[in-house]
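Beneath this line is the structure, given in structure tokens, with notes to follow.
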Amino acid sequence: MDLRPITEQFAVAPQIAPEEVPEIARAGFRTIICNRPDDEDPEQPSHAQIEAAAQEEDIAFLMLPVRSGVLTEEAVNGFREALDTMPGPILAYCRSGTRCTMLWSIAQFGRMDPDEIVAKAAEAGYDMSGLMAQLRATRT
């Protein structure tokens, strides 16, 4: 399993499996957010399988699917609300973790310094510098 901490309260991961959820619980996560639509890949477990495993571990679960390359305002608002209201620490997953990191970065824009967002994402292995440049450009 490849858990990539972004902050003390938020981490991302590539696709997880139901049998990994007990380890996620032992790592202290209290919420799992799925940002991967079902059937994106025929080999991936369904969100229902992950959700059932999360329920067995008393972990909150949220399905917030985002198609690759299509971040909507609705998805960003839902993600921001989840970060604000669901118990932490939170683990979000998708195919590679990139969509989750993008959602987190956009949700934090205006709350955190953009350079800090880029640095935290980079520590987890994700380059959000282009995204922050786009968001900065829309702010001016």
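Just remember, in the structure tokens the first chain shown is A, the second B, etc., residues are 1-based per chain, and ligands are 1-based in the order shown.
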Counting only C-alpha atoms, which residues of range 19-59 of chain A fall within 10 Å of range 100-120 of chain A, and what is the closest atom pair for each with its distance in Å at one decimal, ordered by chain and rising number, as a tab-separated table?
residue	atom	partner	partner_atom	distance
A:Ile33	CA	A:Cys100	CA	8.8
A:Cys34	CA	A:Cys100	CA	8.6
A:Asn35	CA	A:Cys100	CA	6.5
A:Arg36	CA	A:Cys100	CA	9.0
Next item on the list: Enumerate as a VMD selection string all residues of range 35-90 of chain A assigned to alpha helix (DSSP H) by DSSP on the backbone, naming them with the chain letters and numbers the document uses.
Entry: chain A and resid 47 to 56 73 to 85
Checklist line | Among listed residues A:Ala133, A:Met128, A:Leu83, A:Val21, nearest Thr7 in chain A (using only C-alpha atoms) | finding: A:Leu83
Next item on the list: Please report, as a PyMOL selection string, each residue of range 5-86 of chain A to which DSSP assigns strand (DSSP E) when run on this structure's backbone.
Entry: chain A and resi 5-7+10-13+31-34+60-63
How would the residues just chosen look if you wrote them out with N, CA, C and O atoms as an mmCIF file, in the first residue's frame?
data_model
loop_
_atom_site.group_PDB
_atom_site.id
_atom_site.type_symbol
_atom_site.label_atom_id
_atom_site.label_comp_id
_atom_site.auth_asym_id
_atom_site.auth_seq_id
_atom_site.Cartn_x
_atom_site.Cartn_y
_atom_site.Cartn_z
ATOM 1 N N PRO A 5 1.365 10.954 2.729
ATOM 2 C CA PRO A 5 0.891 12.071 3.552
ATOM 3 C C PRO A 5 1.121 13.415 2.874
ATOM 4 O O PRO A 5 2.180 13.670 2.311
ATOM 5 N N ILE A 6 0.103 14.264 2.939
ATOM 6 C CA ILE A 6 0.211 15.644 2.457
ATOM 7 C C ILE A 6 0.312 16.562 3.686
ATOM 8 O O ILE A 6 1.145 17.456 3.722
ATOM 9 N N THR A 7 -0.546 16.331 4.669
ATOM 10 C CA THR A 7 -0.490 17.019 5.956
ATOM 11 C C THR A 7 -0.674 15.961 7.045
ATOM 12 O O THR A 7 -0.876 14.786 6.744
ATOM 13 N N PHE A 10 -4.279 14.702 6.354
ATOM 14 C CA PHE A 10 -4.724 14.327 5.020
ATOM 15 C C PHE A 10 -3.613 13.609 4.260
ATOM 16 O O PHE A 10 -2.464 14.061 4.243
ATOM 17 N N ALA A 11 -3.990 12.490 3.635
ATOM 18 C CA ALA A 11 -3.061 11.739 2.794
ATOM 19 C C ALA A 11 -3.810 11.260 1.556
ATOM 20 O O ALA A 11 -5.046 11.209 1.539
ATOM 21 N N VAL A 12 -3.054 10.915 0.536
ATOM 22 C CA VAL A 12 -3.631 10.368 -0.686
ATOM 23 C C VAL A 12 -2.977 9.017 -0.958
ATOM 24 O O VAL A 12 -1.937 8.688 -0.394
ATOM 25 N N ALA A 13 -3.636 8.261 -1.859
ATOM 26 C CA ALA A 13 -3.102 6.958 -2.240
ATOM 27 C C ALA A 13 -3.590 6.599 -3.626
ATOM 28 O O ALA A 13 -4.682 7.016 -4.027
ATOM 29 N N THR A 31 -11.480 8.543 8.008
ATOM 30 C CA THR A 31 -12.335 8.741 6.830
ATOM 31 C C THR A 31 -11.567 8.315 5.591
ATOM 32 O O THR A 31 -10.370 8.585 5.480
ATOM 33 N N ILE A 32 -12.274 7.676 4.661
ATOM 34 C CA ILE A 32 -11.747 7.364 3.340
ATOM 35 C C ILE A 32 -12.646 8.050 2.322
ATOM 36 O O ILE A 32 -13.878 7.916 2.385
ATOM 37 N N ILE A 33 -12.024 8.783 1.393
ATOM 38 C CA ILE A 33 -12.758 9.406 0.288
ATOM 39 C C ILE A 33 -12.316 8.734 -0.998
ATOM 40 O O ILE A 33 -11.117 8.675 -1.295
ATOM 41 N N CYS A 34 -13.282 8.241 -1.756
ATOM 42 C CA CYS A 34 -13.006 7.642 -3.061
ATOM 43 C C CYS A 34 -13.280 8.680 -4.132
ATOM 44 O O CYS A 34 -14.411 9.136 -4.298
ATOM 45 N N ALA A 60 -15.367 6.231 8.379
ATOM 46 C CA ALA A 60 -16.334 6.914 7.528
ATOM 47 C C ALA A 60 -15.883 6.794 6.074
ATOM 48 O O ALA A 60 -14.687 6.721 5.789
ATOM 49 N N PHE A 61 -16.853 6.782 5.167
ATOM 50 C CA PHE A 61 -16.539 6.623 3.745
ATOM 51 C C PHE A 61 -17.381 7.594 2.940
ATOM 52 O O PHE A 61 -18.569 7.774 3.216
ATOM 53 N N LEU A 62 -16.761 8.214 1.936
ATOM 54 C CA LEU A 62 -17.462 9.123 1.036
ATOM 55 C C LEU A 62 -17.074 8.795 -0.390
ATOM 56 O O LEU A 62 -15.889 8.726 -0.718
ATOM 57 N N MET A 63 -18.074 8.600 -1.240
ATOM 58 C CA MET A 63 -17.850 8.403 -2.672
ATOM 59 C C MET A 63 -18.038 9.748 -3.342
ATOM 60 O O MET A 63 -19.131 10.319 -3.316
#
Checklist line | For Pro45 in chain A: contacts at 8 Å, only C-alpha atoms, fewer than 4 positions along chain excluded, given as number ranges by chain | finding: A: 17-18, 38, 49-50
With all heavy atoms kept, could you save the residues just selected as a compact mmCIF listing (two decimals), in the first residue's frame?
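Dumped to again.txt:
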# COMPACT_ATOMS: atom_id res chain seq x y z
N ALA A 17 -7.20 -1.53 -1.93
CA ALA A 17 -7.98 -2.77 -1.99
C ALA A 17 -8.71 -2.96 -0.67
O ALA A 17 -8.25 -2.48 0.38
CB ALA A 17 -7.04 -3.95 -2.25
N PRO A 18 -9.83 -3.67 -0.69
CA PRO A 18 -10.58 -3.89 0.56
C PRO A 18 -9.72 -4.51 1.66
O PRO A 18 -9.85 -4.12 2.83
CB PRO A 18 -11.71 -4.84 0.13
CG PRO A 18 -11.90 -4.59 -1.32
CD PRO A 18 -10.52 -4.26 -1.85
N ASP A 38 -16.39 4.14 -10.31
CA ASP A 38 -16.41 2.70 -10.51
C ASP A 38 -16.24 2.39 -11.99
O ASP A 38 -16.65 3.17 -12.85
CB ASP A 38 -17.73 2.11 -10.01
CG ASP A 38 -17.75 1.94 -8.50
OD1 ASP A 38 -16.68 1.91 -7.87
OD2 ASP A 38 -18.87 1.83 -7.94
N GLN A 49 -17.19 -2.17 -2.33
CA GLN A 49 -16.31 -3.12 -1.64
C GLN A 49 -15.43 -2.40 -0.62
O GLN A 49 -15.24 -2.89 0.50
CB GLN A 49 -15.44 -3.87 -2.65
CG GLN A 49 -16.21 -4.81 -3.54
CD GLN A 49 -15.34 -5.35 -4.65
OE1 GLN A 49 -14.80 -4.60 -5.47
NE2 GLN A 49 -15.18 -6.67 -4.68
N ILE A 50 -14.90 -1.27 -1.01
CA ILE A 50 -14.06 -0.48 -0.10
C ILE A 50 -14.91 0.06 1.04
O ILE A 50 -14.50 0.02 2.21
CB ILE A 50 -13.35 0.68 -0.84
CG1 ILE A 50 -12.53 0.18 -2.03
CG2 ILE A 50 -12.51 1.51 0.13
CD1 ILE A 50 -11.33 -0.66 -1.70
Notebook entry, point to check: When you draw a straight line from CA of Gly97 in chain A to CA of Pro14 in chain A, how long is it in Å?
Noted result: 4.8 Å
